[in-house]
Amino acid sequence: MTGALTLRNLTIAALVLVLALLPLYVALTGDRFMLTLFTRIVILAMAAVSLNLILGYAGLMSFGHAAYLGIGGYTVAILCFEGVTSAFVQWPAALATSALFALIVGALSLRTRGVYFIMITLAFAQMAYYLASGTARYGGDDGLSLESRSGFAGLINLSNKTTFYYVCLVLLFASIVLVWRLTNSRFGLVLQGVRSNEARMRAIGFPTFRYKLAGFVIAGTMCGLAGALIANHTDFVSPAMMFWTRSGDLIVMVVLGGMGTLFGPVFGALALLFLEQFLPAAISAVVHPFDPASAARAGEFWQIVLGPLLLVVVLFARGGIDGLLGALSDRIQRARKGGHG
Amino acid sequence: MTLFVEQCLNGLQFGLLLFLLAAGLTLVFGIMDLVNLAHGSLYMLGAYFAATFTAWTGSFVFGAVLAIAATLLVGMAVEVIAMRRLYGRDHLDHVLGTFGLILFFDELVRLIWGPGGRSLAVPSWLNHSVAILPGIEYPAYRLAIIVVTLAVAAFLYVLVMRTRIGMLIRAGASNREMVGALGVNIKLLYTLIFGLGAALAGLAGLMQAPILTVQIGMGENILILAFVITVIGGIGSIRGAFVAALLVGFIDTMGRSFFPQLLGDLLGRQAASTAAPALSSMLIYILMAAILVVKPQGLFPAGSR
């Protein structure tokens, strides 16, 4: 990634600007719904950024990443239920429990590889899912509501939606910076080496297991923080947030945006949630001229478009959105060079 | 004692049913090296087809035959349209692409059959109990499932081990380029294998339909169990899938019915009533994690890949 004024870099700059100025737009138009939607996008983008660290950079295909969202969220909700509302206790506890879970899961599952790794991470996430649905004290299948949001001893009021949005946004940027620093460090280069050729990395003398485990724990901890945010965002946690299809959604975000790229997961989260939000209306609009009567109903079936769309992305656009932007920038650059020369 | 025998048979029945699903998955994985998450969707389609066709024809058997044929065709169509393009790609692509197919099929079913569930009645000639041992009665329908699945397992064994097609399947699993080079139409073979797996999943779905409700998403929970089985058994091994399916069927059924009581005796009623429901659902996953930690390639590692 260079500092040049390419289309890709301009798009990223525009994205950052839009995210930063969104509350201003909301204040001007009074469109509170956009604020809720974007808070959700920002939090899930953070989860996707964390998954990207192991999936995109280290090539570890974890199919249980939603478990950390649930564990972070449940830690906050359970502490709140038991009367501890201070964020200074809740959030470190959420980080610690998800780090511990990632350490155990990683230590056991990193012994396997390929499909076995996919399945064992999935199995651990299912365990967390069933644990949450089985504990009657904390709501079981029905989930658990939060009486109040995490308190910062009067310093920050998370109940204010704009404040909460900025807290999430700052944490998202912090995690992107962390991933950027990590991937350009010796540690991150070893992880990327593992993705390309683990046997060679071992032969050079790197204890790859330890590097992978460290990456796995960092990613899990980051996602746990996103979980703590999501519990505060919806004031509610339930086992459904750990169901395996949620893990699938996170993978979709990473791949849709562009694996192993810094801002790819943010694009992916934005794209997926926008599709989820606006595809129904788009389908209705397309169906309307042909069959006005069933147009409204047709919108309900938006996943019938989303499913094949994913397949098409997998088949024809491996680099995701970031890859498309990169290819476009290259083409523009070449055209410009050709014009001058 | 009655309860114990009954639960043993339930475990056997559930395990055999899971084997039908796992056999298709493990065949497709072993031969095409393809992770197919959409396998559960074919199971769901089998159940919906059976509900519709039984209502049309008025006969469970005709409905079942038509449903199997329909799932076979859907499976082959999916292979030709989508799966064929995924062979030889990264597992991540398989997971993502077939995840898209799940969304598609769930929504398609909702579009065609509506959001409400369907129910399929147990055929009247199987809707009674049979005395299997003096004093122990067991539903005839569940016995029929056991018989049918055992017959299918035997058929699969003969098909794979004793016929020319089976020889090609095994050859394709160990070296697909070579089989293609020797003049076998490998594309057609793959389509057939995928269709076979789909038909098995459809059969499992339609047999399960009278016991559970037919609903959207019914394939998603059982798919994970089927994957657990293929992984425990060793991916690509039908024998492994059979053993693991029975193991999982027994442990799941027994765990749900006897584990809470066992835990109650060990920990006292209070602790058991809170921990048991969660723990008995987790048993299978704990088993799988334990097996993979000891044997990272599953119980019966297939070949050497």
# chains A, B, ... in the order shown; residues from 1 in each chain; ligands from 1
>>> interface_residues(of="chain B", to="chain A", cutoff="6 Å", atoms="only C-alpha atoms", output="MDAnalysis selection string")
chainID B and resid 93 97 100:101 103:104 107 277:278 282 285 296
>>> write_last_selection(atoms="N, CA and C atoms", output="CSV table (one decimal), in the first residue's frame")
chain,number,residue,atom,x,y,z
B,93,ASP,N,-13.3,-21.1,-0.4
B,93,ASP,CA,-14.3,-20.9,-1.5
B,93,ASP,C,-15.5,-21.8,-1.4
B,97,GLY,N,-19.1,-20.3,-1.0
B,97,GLY,CA,-20.0,-20.6,-2.1
B,97,GLY,C,-21.2,-21.4,-1.6
B,100,GLY,N,-23.6,-19.5,0.5
B,100,GLY,CA,-24.6,-18.8,-0.4
B,100,GLY,C,-25.7,-19.7,-0.9
B,101,LEU,N,-25.4,-20.9,-1.2
B,101,LEU,CA,-26.4,-21.8,-1.7
B,101,LEU,C,-27.5,-22.1,-0.5
B,103,LEU,N,-28.4,-20.0,1.8
B,103,LEU,CA,-29.3,-18.8,1.8
B,103,LEU,C,-30.3,-18.9,0.7
B,104,PHE,N,-29.8,-19.3,-0.5
B,104,PHE,CA,-30.7,-19.4,-1.7
B,104,PHE,C,-31.8,-20.5,-1.4
B,107,GLU,N,-34.4,-19.6,1.2
B,107,GLU,CA,-35.4,-18.6,0.7
B,107,GLU,C,-36.3,-19.1,-0.4
B,277,PRO,N,-28.7,-29.7,30.9
B,277,PRO,CA,-29.2,-29.5,29.5
B,277,PRO,C,-28.1,-29.0,28.6
B,278,ALA,N,-27.3,-28.0,29.2
B,278,ALA,CA,-26.2,-27.5,28.4
B,278,ALA,C,-25.2,-28.6,28.1
B,282,MET,N,-23.7,-30.5,24.6
B,282,MET,CA,-22.3,-30.3,24.2
B,282,MET,C,-21.5,-31.6,24.1
B,285,TYR,N,-19.9,-32.5,20.8
B,285,TYR,CA,-18.8,-31.6,20.4
B,285,TYR,C,-17.5,-31.8,21.2
B,296,PRO,N,-5.7,-36.3,15.0
B,296,PRO,CA,-6.1,-35.2,14.2
B,296,PRO,C,-6.7,-35.5,12.8
>>> select_by_dssp(residues="segment 94-274 of chain B", states="strand (DSSP E)", output="ChimeraX atom specification")
/B:129-133,136-139
>>> write_last_selection(atoms="C-alpha atoms", output="mmCIF file, in the first residue's frame")
data_model
loop_
_atom_site.group_PDB
_atom_site.id
_atom_site.type_symbol
_atom_site.label_atom_id
_atom_site.label_comp_id
_atom_site.auth_asym_id
_atom_site.auth_seq_id
_atom_site.Cartn_x
_atom_site.Cartn_y
_atom_site.Cartn_z
ATOM 1 C CA SER B 129 -46.239 -50.511 17.833
ATOM 2 C CA VAL B 130 -44.450 -53.793 17.526
ATOM 3 C CA ALA B 131 -43.510 -56.011 20.452
ATOM 4 C CA ILE B 132 -39.790 -56.508 19.868
ATOM 5 C CA LEU B 133 -39.159 -58.284 23.164
ATOM 6 C CA ILE B 136 -41.304 -54.030 25.128
ATOM 7 C CA GLU B 137 -43.152 -52.200 22.402
ATOM 8 C CA TYR B 138 -41.492 -50.029 19.775
ATOM 9 C CA PRO B 139 -43.044 -47.828 17.049
#
>>> residues_around(residues="segment 45-61 of chain B", least_positions_apart="4", cutoff="8 Å", atoms="only C-alpha atoms", output="JSON, numbers by chain")
{"B": [41, 65, 66, 67, 68, 70, 71, 109, 118, 119, 120, 123, 199, 201, 202, 203, 204, 205, 206, 207, 208, 209, 214]}
>>> write_last_selection(atoms="N, CA and C atoms", output="mmCIF file, in the first residue's frame")
data_model
loop_
_atom_site.group_PDB
_atom_site.id
_atom_site.type_symbol
_atom_site.label_atom_id
_atom_site.label_comp_id
_atom_site.auth_asym_id
_atom_site.auth_seq_id
_atom_site.Cartn_x
_atom_site.Cartn_y
_atom_site.Cartn_z
ATOM 1 N N SER B 41 -29.367 -28.488 2.984
ATOM 2 C CA SER B 41 -30.481 -27.960 2.204
ATOM 3 C C SER B 41 -31.147 -29.073 1.408
ATOM 4 N N VAL B 65 -40.700 -42.069 -3.152
ATOM 5 C CA VAL B 65 -39.934 -42.388 -4.362
ATOM 6 C C VAL B 65 -39.766 -41.139 -5.225
ATOM 7 N N LEU B 66 -40.889 -40.413 -5.412
ATOM 8 C CA LEU B 66 -40.819 -39.179 -6.204
ATOM 9 C C LEU B 66 -39.878 -38.172 -5.554
ATOM 10 N N ALA B 67 -39.938 -38.072 -4.216
ATOM 11 C CA ALA B 67 -39.096 -37.098 -3.504
ATOM 12 C C ALA B 67 -37.627 -37.434 -3.693
ATOM 13 N N ILE B 68 -37.305 -38.728 -3.623
ATOM 14 C CA ILE B 68 -35.900 -39.117 -3.809
ATOM 15 C C ILE B 68 -35.444 -38.766 -5.224
ATOM 16 N N ALA B 70 -36.652 -36.455 -7.124
ATOM 17 C CA ALA B 70 -36.554 -35.002 -7.265
ATOM 18 C C ALA B 70 -35.275 -34.476 -6.623
ATOM 19 N N THR B 71 -34.927 -34.979 -5.433
ATOM 20 C CA THR B 71 -33.696 -34.500 -4.793
ATOM 21 C C THR B 71 -32.482 -34.894 -5.608
ATOM 22 N N VAL B 109 -37.329 -22.189 -0.608
ATOM 23 C CA VAL B 109 -38.354 -23.000 0.059
ATOM 24 C C VAL B 109 -39.429 -22.100 0.653
ATOM 25 N N ARG B 118 -44.444 -27.649 7.562
ATOM 26 C CA ARG B 118 -45.361 -28.662 7.054
ATOM 27 C C ARG B 118 -45.306 -29.846 7.992
ATOM 28 N N SER B 119 -46.352 -30.619 8.010
ATOM 29 C CA SER B 119 -46.212 -31.868 8.743
ATOM 30 C C SER B 119 -46.604 -33.004 7.827
ATOM 31 N N LEU B 120 -45.973 -34.129 8.065
ATOM 32 C CA LEU B 120 -46.197 -35.299 7.233
ATOM 33 C C LEU B 120 -46.604 -36.403 8.203
ATOM 34 N N PRO B 123 -47.377 -43.000 7.810
ATOM 35 C CA PRO B 123 -48.339 -43.790 7.040
ATOM 36 C C PRO B 123 -49.094 -44.760 7.948
ATOM 37 N N ALA B 199 -29.457 -37.651 -3.117
ATOM 38 C CA ALA B 199 -30.583 -38.558 -2.930
ATOM 39 C C ALA B 199 -30.568 -39.152 -1.522
ATOM 40 N N ALA B 201 -29.293 -37.744 1.148
ATOM 41 C CA ALA B 201 -29.723 -36.684 2.062
ATOM 42 C C ALA B 201 -31.235 -36.513 1.997
ATOM 43 N N GLY B 202 -31.782 -36.569 0.774
ATOM 44 C CA GLY B 202 -33.227 -36.434 0.620
ATOM 45 C C GLY B 202 -33.964 -37.559 1.327
ATOM 46 N N LEU B 203 -33.425 -38.779 1.200
ATOM 47 C CA LEU B 203 -34.030 -39.935 1.866
ATOM 48 C C LEU B 203 -34.042 -39.720 3.375
ATOM 49 N N ALA B 204 -32.896 -39.253 3.905
ATOM 50 C CA ALA B 204 -32.827 -39.002 5.351
ATOM 51 C C ALA B 204 -33.871 -37.968 5.750
ATOM 52 N N GLY B 205 -33.995 -36.916 4.946
ATOM 53 C CA GLY B 205 -34.937 -35.848 5.268
ATOM 54 C C GLY B 205 -36.369 -36.331 5.252
ATOM 55 N N LEU B 206 -36.717 -37.116 4.241
ATOM 56 C CA LEU B 206 -38.124 -37.526 4.143
ATOM 57 C C LEU B 206 -38.472 -38.552 5.209
ATOM 58 N N MET B 207 -37.498 -39.373 5.624
ATOM 59 C CA MET B 207 -37.805 -40.336 6.680
ATOM 60 C C MET B 207 -37.934 -39.650 8.032
ATOM 61 N N GLN B 208 -37.153 -38.570 8.209
ATOM 62 C CA GLN B 208 -37.217 -37.847 9.469
ATOM 63 C C GLN B 208 -38.484 -36.999 9.543
ATOM 64 N N ALA B 209 -39.066 -36.675 8.351
ATOM 65 C CA ALA B 209 -40.176 -35.712 8.305
ATOM 66 C C ALA B 209 -41.366 -36.070 9.199
ATOM 67 N N VAL B 214 -41.511 -30.453 9.339
ATOM 68 C CA VAL B 214 -40.761 -30.034 8.165
ATOM 69 C C VAL B 214 -40.714 -28.519 8.196
#
>>> residues_around(residues="Gly72 of chain A", least_positions_apart="4", cutoff="8 Å", atoms="only C-alpha atoms", output="PyMOL selection string")
chain A and resi 68+76+94-95+97-98+223-228
>>> residues_around(residues="Asn127 of chain B", least_positions_apart="3", cutoff="12 Å", atoms="only C-alpha atoms", output="list in words")
Ala121, Val122, Pro123, Ser124, Val130, Tyr138, Pro139, Ala140, Tyr141, Arg142, Leu143, Ala144, Pro210 and Ile211 of chain B
>>> select_by_dssp(residues="segment 64-171 of chain A", states="helix (DSSP H, G or I)", output="mmCIF file with N, CA and C atoms, in the first residue's frame")
data_model
loop_
_atom_site.group_PDB
_atom_site.id
_atom_site.type_symbol
_atom_site.label_atom_id
_atom_site.label_comp_id
_atom_site.auth_asym_id
_atom_site.auth_seq_id
_atom_site.Cartn_x
_atom_site.Cartn_y
_atom_site.Cartn_z
ATOM 1 N N ALA A 66 -17.861 -16.159 15.546
ATOM 2 C CA ALA A 66 -18.987 -15.491 16.209
ATOM 3 C C ALA A 66 -19.025 -15.840 17.700
ATOM 4 N N ALA A 67 -18.381 -16.936 18.095
ATOM 5 C CA ALA A 67 -18.375 -17.321 19.509
ATOM 6 C C ALA A 67 -17.796 -16.196 20.369
ATOM 7 N N TYR A 68 -16.787 -15.488 19.835
ATOM 8 C CA TYR A 68 -16.155 -14.431 20.632
ATOM 9 C C TYR A 68 -17.080 -13.232 20.783
ATOM 10 N N LEU A 69 -17.874 -12.968 19.720
ATOM 11 C CA LEU A 69 -18.894 -11.922 19.848
ATOM 12 C C LEU A 69 -19.813 -12.262 21.015
ATOM 13 N N GLY A 70 -20.242 -13.527 21.054
ATOM 14 C CA GLY A 70 -21.150 -13.968 22.108
ATOM 15 C C GLY A 70 -20.500 -13.929 23.469
ATOM 16 N N ILE A 71 -19.237 -14.381 23.543
ATOM 17 C CA ILE A 71 -18.575 -14.442 24.847
ATOM 18 C C ILE A 71 -18.353 -13.041 25.397
ATOM 19 N N GLY A 72 -17.891 -12.126 24.538
ATOM 20 C CA GLY A 72 -17.727 -10.741 24.979
ATOM 21 C C GLY A 72 -19.054 -10.147 25.423
ATOM 22 N N GLY A 73 -20.094 -10.390 24.604
ATOM 23 C CA GLY A 73 -21.408 -9.846 24.914
ATOM 24 C C GLY A 73 -21.972 -10.421 26.196
ATOM 25 N N TYR A 74 -21.879 -11.743 26.336
ATOM 26 C CA TYR A 74 -22.428 -12.388 27.529
ATOM 27 C C TYR A 74 -21.684 -11.966 28.787
ATOM 28 N N THR A 75 -20.349 -11.757 28.686
ATOM 29 C CA THR A 75 -19.609 -11.329 29.870
ATOM 30 C C THR A 75 -20.173 -10.009 30.388
ATOM 31 N N VAL A 76 -20.388 -9.071 29.453
ATOM 32 C CA VAL A 76 -20.954 -7.777 29.849
ATOM 33 C C VAL A 76 -22.361 -7.954 30.417
ATOM 34 N N ALA A 77 -23.179 -8.747 29.717
ATOM 35 C CA ALA A 77 -24.576 -8.900 30.139
ATOM 36 C C ALA A 77 -24.681 -9.597 31.492
ATOM 37 N N ILE A 78 -23.861 -10.631 31.695
ATOM 38 C CA ILE A 78 -23.931 -11.372 32.958
ATOM 39 C C ILE A 78 -23.458 -10.494 34.113
ATOM 40 N N LEU A 79 -22.353 -9.749 33.891
ATOM 41 C CA LEU A 79 -21.874 -8.859 34.955
ATOM 42 C C LEU A 79 -22.950 -7.817 35.282
ATOM 43 N N CYS A 80 -23.606 -7.302 34.244
ATOM 44 C CA CYS A 80 -24.670 -6.320 34.448
ATOM 45 C C CYS A 80 -25.809 -6.943 35.250
ATOM 46 N N PHE A 81 -26.164 -8.181 34.892
ATOM 47 C CA PHE A 81 -27.236 -8.913 35.574
ATOM 48 C C PHE A 81 -26.900 -9.121 37.050
ATOM 49 N N ALA A 87 -17.860 -0.120 33.335
ATOM 50 C CA ALA A 87 -17.143 -0.597 32.163
ATOM 51 C C ALA A 87 -15.702 -0.964 32.510
ATOM 52 N N PHE A 88 -15.176 -0.342 33.563
ATOM 53 C CA PHE A 88 -13.787 -0.629 33.936
ATOM 54 C C PHE A 88 -13.634 -2.047 34.450
ATOM 55 N N VAL A 89 -14.748 -2.677 34.853
ATOM 56 C CA VAL A 89 -14.715 -4.091 35.214
ATOM 57 C C VAL A 89 -15.204 -4.931 34.027
ATOM 58 N N GLN A 90 -16.338 -4.495 33.453
ATOM 59 C CA GLN A 90 -16.986 -5.298 32.402
ATOM 60 C C GLN A 90 -16.083 -5.520 31.190
ATOM 61 N N TRP A 91 -15.503 -4.438 30.673
ATOM 62 C CA TRP A 91 -14.783 -4.578 29.408
ATOM 63 C C TRP A 91 -13.492 -5.382 29.562
ATOM 64 N N PRO A 92 -12.657 -5.101 30.597
ATOM 65 C CA PRO A 92 -11.504 -5.978 30.770
ATOM 66 C C PRO A 92 -11.907 -7.433 30.983
ATOM 67 N N ALA A 93 -13.034 -7.646 31.682
ATOM 68 C CA ALA A 93 -13.488 -9.031 31.889
ATOM 69 C C ALA A 93 -13.869 -9.665 30.558
ATOM 70 N N ALA A 94 -14.542 -8.890 29.687
ATOM 71 C CA ALA A 94 -14.916 -9.416 28.372
ATOM 72 C C ALA A 94 -13.668 -9.775 27.573
ATOM 73 N N LEU A 95 -12.655 -8.883 27.631
ATOM 74 C CA LEU A 95 -11.402 -9.160 26.921
ATOM 75 C C LEU A 95 -10.748 -10.418 27.472
ATOM 76 N N ALA A 96 -10.729 -10.529 28.810
ATOM 77 C CA ALA A 96 -10.035 -11.655 29.429
ATOM 78 C C ALA A 96 -10.732 -12.974 29.118
ATOM 79 N N THR A 97 -12.070 -13.017 29.205
ATOM 80 C CA THR A 97 -12.740 -14.298 28.945
ATOM 81 C C THR A 97 -12.580 -14.703 27.486
ATOM 82 N N SER A 98 -12.688 -13.739 26.567
ATOM 83 C CA SER A 98 -12.543 -14.159 25.170
ATOM 84 C C SER A 98 -11.102 -14.556 24.874
ATOM 85 N N ALA A 99 -10.137 -13.887 25.503
ATOM 86 C CA ALA A 99 -8.738 -14.287 25.305
ATOM 87 C C ALA A 99 -8.522 -15.704 25.823
ATOM 88 N N LEU A 100 -9.103 -15.996 26.996
ATOM 89 C CA LEU A 100 -8.937 -17.327 27.588
ATOM 90 C C LEU A 100 -9.564 -18.392 26.687
ATOM 91 N N PHE A 101 -10.793 -18.097 26.202
ATOM 92 C CA PHE A 101 -11.471 -19.049 25.320
ATOM 93 C C PHE A 101 -10.640 -19.279 24.054
ATOM 94 N N ALA A 102 -10.119 -18.167 23.487
ATOM 95 C CA ALA A 102 -9.311 -18.294 22.265
ATOM 96 C C ALA A 102 -8.049 -19.110 22.539
ATOM 97 N N LEU A 103 -7.483 -18.926 23.724
ATOM 98 C CA LEU A 103 -6.264 -19.666 24.059
ATOM 99 C C LEU A 103 -6.544 -21.167 24.105
ATOM 100 N N ILE A 104 -7.659 -21.545 24.759
ATOM 101 C CA ILE A 104 -7.995 -22.967 24.864
ATOM 102 C C ILE A 104 -8.327 -23.537 23.483
ATOM 103 N N VAL A 105 -9.218 -22.846 22.761
ATOM 104 C CA VAL A 105 -9.626 -23.335 21.435
ATOM 105 C C VAL A 105 -8.413 -23.422 20.519
ATOM 106 N N GLY A 106 -7.610 -22.359 20.528
ATOM 107 C CA GLY A 106 -6.443 -22.330 19.652
ATOM 108 C C GLY A 106 -5.459 -23.439 19.985
ATOM 109 N N ALA A 107 -5.172 -23.618 21.277
ATOM 110 C CA ALA A 107 -4.180 -24.616 21.678
ATOM 111 C C ALA A 107 -4.601 -26.000 21.216
ATOM 112 N N LEU A 108 -5.924 -26.279 21.246
ATOM 113 C CA LEU A 108 -6.370 -27.609 20.833
ATOM 114 C C LEU A 108 -6.523 -27.713 19.316
ATOM 115 N N SER A 109 -7.134 -26.671 18.697
ATOM 116 C CA SER A 109 -7.506 -26.847 17.294
ATOM 117 C C SER A 109 -6.352 -26.574 16.337
ATOM 118 N N VAL A 115 -9.667 -28.919 6.577
ATOM 119 C CA VAL A 115 -11.080 -29.014 6.936
ATOM 120 C C VAL A 115 -11.251 -29.359 8.405
ATOM 121 N N TYR A 116 -10.306 -30.155 8.935
ATOM 122 C CA TYR A 116 -10.412 -30.521 10.345
ATOM 123 C C TYR A 116 -10.365 -29.277 11.219
ATOM 124 N N PHE A 117 -9.537 -28.322 10.832
ATOM 125 C CA PHE A 117 -9.455 -27.072 11.598
ATOM 126 C C PHE A 117 -10.766 -26.298 11.501
ATOM 127 N N ILE A 118 -11.323 -26.217 10.275
ATOM 128 C CA ILE A 118 -12.606 -25.538 10.085
ATOM 129 C C ILE A 118 -13.642 -26.137 11.024
ATOM 130 N N MET A 119 -13.679 -27.481 11.058
ATOM 131 C CA MET A 119 -14.741 -28.157 11.794
ATOM 132 C C MET A 119 -14.539 -28.084 13.303
ATOM 133 N N ILE A 120 -13.286 -28.118 13.756
ATOM 134 C CA ILE A 120 -13.086 -28.122 15.214
ATOM 135 C C ILE A 120 -13.351 -26.720 15.771
ATOM 136 N N THR A 121 -13.003 -25.674 15.015
ATOM 137 C CA THR A 121 -13.352 -24.330 15.500
ATOM 138 C C THR A 121 -14.869 -24.169 15.526
ATOM 139 N N LEU A 122 -15.527 -24.744 14.528
ATOM 140 C CA LEU A 122 -16.989 -24.718 14.501
ATOM 141 C C LEU A 122 -17.556 -25.450 15.717
ATOM 142 N N ALA A 123 -16.947 -26.605 16.053
ATOM 143 C CA ALA A 123 -17.449 -27.397 17.180
ATOM 144 C C ALA A 123 -17.347 -26.600 18.479
ATOM 145 N N PHE A 124 -16.243 -25.888 18.665
ATOM 146 C CA PHE A 124 -16.099 -25.112 19.905
ATOM 147 C C PHE A 124 -17.129 -23.984 19.964
ATOM 148 N N ALA A 125 -17.388 -23.365 18.800
ATOM 149 C CA ALA A 125 -18.399 -22.301 18.791
ATOM 150 C C ALA A 125 -19.771 -22.871 19.123
ATOM 151 N N GLN A 126 -20.051 -24.080 18.615
ATOM 152 C CA GLN A 126 -21.336 -24.711 18.927
ATOM 153 C C GLN A 126 -21.435 -25.018 20.423
ATOM 154 N N MET A 127 -20.303 -25.408 21.030
ATOM 155 C CA MET A 127 -20.312 -25.659 22.476
ATOM 156 C C MET A 127 -20.713 -24.397 23.214
ATOM 157 N N ALA A 128 -20.110 -23.255 22.814
ATOM 158 C CA ALA A 128 -20.442 -21.984 23.459
ATOM 159 C C ALA A 128 -21.916 -21.668 23.252
ATOM 160 N N TYR A 129 -22.404 -21.968 22.038
ATOM 161 C CA TYR A 129 -23.814 -21.719 21.717
ATOM 162 C C TYR A 129 -24.733 -22.526 22.632
ATOM 163 N N TYR A 130 -24.425 -23.822 22.781
ATOM 164 C CA TYR A 130 -25.282 -24.667 23.602
ATOM 165 C C TYR A 130 -25.137 -24.344 25.083
ATOM 166 N N LEU A 131 -23.932 -23.924 25.475
ATOM 167 C CA LEU A 131 -23.738 -23.522 26.873
ATOM 168 C C LEU A 131 -24.660 -22.350 27.194
ATOM 169 N N ALA A 132 -24.704 -21.373 26.266
ATOM 170 C CA ALA A 132 -25.551 -20.200 26.501
ATOM 171 C C ALA A 132 -27.025 -20.581 26.472
ATOM 172 N N SER A 133 -27.425 -21.487 25.534
ATOM 173 C CA SER A 133 -28.861 -21.813 25.513
ATOM 174 C C SER A 133 -29.258 -22.694 26.682
ATOM 175 N N GLY A 134 -28.277 -23.340 27.326
ATOM 176 C CA GLY A 134 -28.624 -24.257 28.406
ATOM 177 C C GLY A 134 -28.623 -23.636 29.787
ATOM 178 N N ALA A 136 -30.140 -21.637 32.328
ATOM 179 C CA ALA A 136 -31.448 -21.023 32.569
ATOM 180 C C ALA A 136 -31.324 -19.714 33.343
ATOM 181 N N ARG A 137 -30.331 -19.628 34.234
ATOM 182 C CA ARG A 137 -30.208 -18.427 35.064
ATOM 183 C C ARG A 137 -30.040 -17.179 34.198
ATOM 184 N N TYR A 138 -29.304 -17.324 33.085
ATOM 185 C CA TYR A 138 -29.065 -16.166 32.224
ATOM 186 C C TYR A 138 -29.926 -16.213 30.968
ATOM 187 N N GLY A 140 -31.203 -18.616 29.034
ATOM 188 C CA GLY A 140 -31.246 -19.747 28.106
ATOM 189 C C GLY A 140 -31.454 -19.286 26.674
ATOM 190 N N ASP A 141 -32.352 -19.988 25.987
ATOM 191 C CA ASP A 141 -32.639 -19.679 24.586
ATOM 192 C C ASP A 141 -33.171 -18.265 24.378
ATOM 193 N N ASP A 142 -33.862 -17.746 25.409
ATOM 194 C CA ASP A 142 -34.531 -16.457 25.220
ATOM 195 C C ASP A 142 -33.576 -15.281 25.257
ATOM 196 N N LYS A 161 -26.528 8.111 21.873
ATOM 197 C CA LYS A 161 -26.233 7.312 20.683
ATOM 198 C C LYS A 161 -25.035 7.835 19.908
ATOM 199 N N THR A 162 -24.897 9.167 19.831
ATOM 200 C CA THR A 162 -23.775 9.733 19.093
ATOM 201 C C THR A 162 -22.466 9.407 19.796
ATOM 202 N N THR A 163 -22.434 9.576 21.124
ATOM 203 C CA THR A 163 -21.237 9.240 21.879
ATOM 204 C C THR A 163 -20.867 7.781 21.668
ATOM 205 N N PHE A 164 -21.891 6.919 21.752
ATOM 206 C CA PHE A 164 -21.632 5.486 21.615
ATOM 207 C C PHE A 164 -21.059 5.176 20.232
ATOM 208 N N TYR A 165 -21.631 5.845 19.202
ATOM 209 C CA TYR A 165 -21.126 5.638 17.844
ATOM 210 C C TYR A 165 -19.643 5.994 17.767
ATOM 211 N N TYR A 166 -19.282 7.150 18.359
ATOM 212 C CA TYR A 166 -17.873 7.562 18.283
ATOM 213 C C TYR A 166 -16.966 6.622 19.071
ATOM 214 N N VAL A 167 -17.445 6.123 20.204
ATOM 215 C CA VAL A 167 -16.645 5.144 20.950
ATOM 216 C C VAL A 167 -16.371 3.931 20.065
ATOM 217 N N CYS A 168 -17.405 3.430 19.401
ATOM 218 C CA CYS A 168 -17.241 2.268 18.516
ATOM 219 C C CYS A 168 -16.276 2.589 17.373
ATOM 220 N N LEU A 169 -16.439 3.789 16.797
ATOM 221 C CA LEU A 169 -15.622 4.168 15.653
ATOM 222 C C LEU A 169 -14.147 4.265 16.052
ATOM 223 N N VAL A 170 -13.884 4.900 17.213
ATOM 224 C CA VAL A 170 -12.502 5.019 17.679
ATOM 225 C C VAL A 170 -11.907 3.631 17.892
ATOM 226 N N LEU A 171 -12.703 2.720 18.481
ATOM 227 C CA LEU A 171 -12.192 1.370 18.715
ATOM 228 C C LEU A 171 -11.957 0.638 17.390
#
>>> residues_around(residues="segment 251-263 of chain B", least_positions_apart="6", cutoff="10 Å", atoms="only C-alpha atoms", output="number ranges by chain")
B: 3-4, 7-15, 245, 269, 271-284, 287
>>> closest_residue(among="B:Leu212, B:Leu247, B:Ala153, B:Ala38", to="Ile232 of chain B", atoms="only C-alpha atoms")
B:Leu247
>>> residues_around(residues="Arg170 of chain B", least_positions_apart="3", cutoff="9 Å", atoms="only C-alpha atoms", output="ChimeraX atom specification")
/B:31,160-161,165-167,173-175
>>> atom_distance(atom1="atom CA of Ile216 of chain B", atom2="atom CA of Ser294 of chain A")
21.8 Å
>>> atom_distance(atom1="atom CA of Ala4 of chain A", atom2="atom CA of Lys337 of chain A")
14.3 Å
>>> closest_residue(among="B:Phe242, B:Phe227, B:Trp113, B:Phe99", to="Tyr157 of chain B", atoms="only C-alpha atoms")
B:Phe242
>>> closest_residue(among="A:Ala293, A:Ile41, A:Ile156, A:Ile54", to="Val179 of chain A", atoms="only C-alpha atoms")
A:Ile54
>>> atom_distance(atom1="atom CA of Leu155 of chain A", atom2="atom CA of Val18 of chain A")
26.3 Å
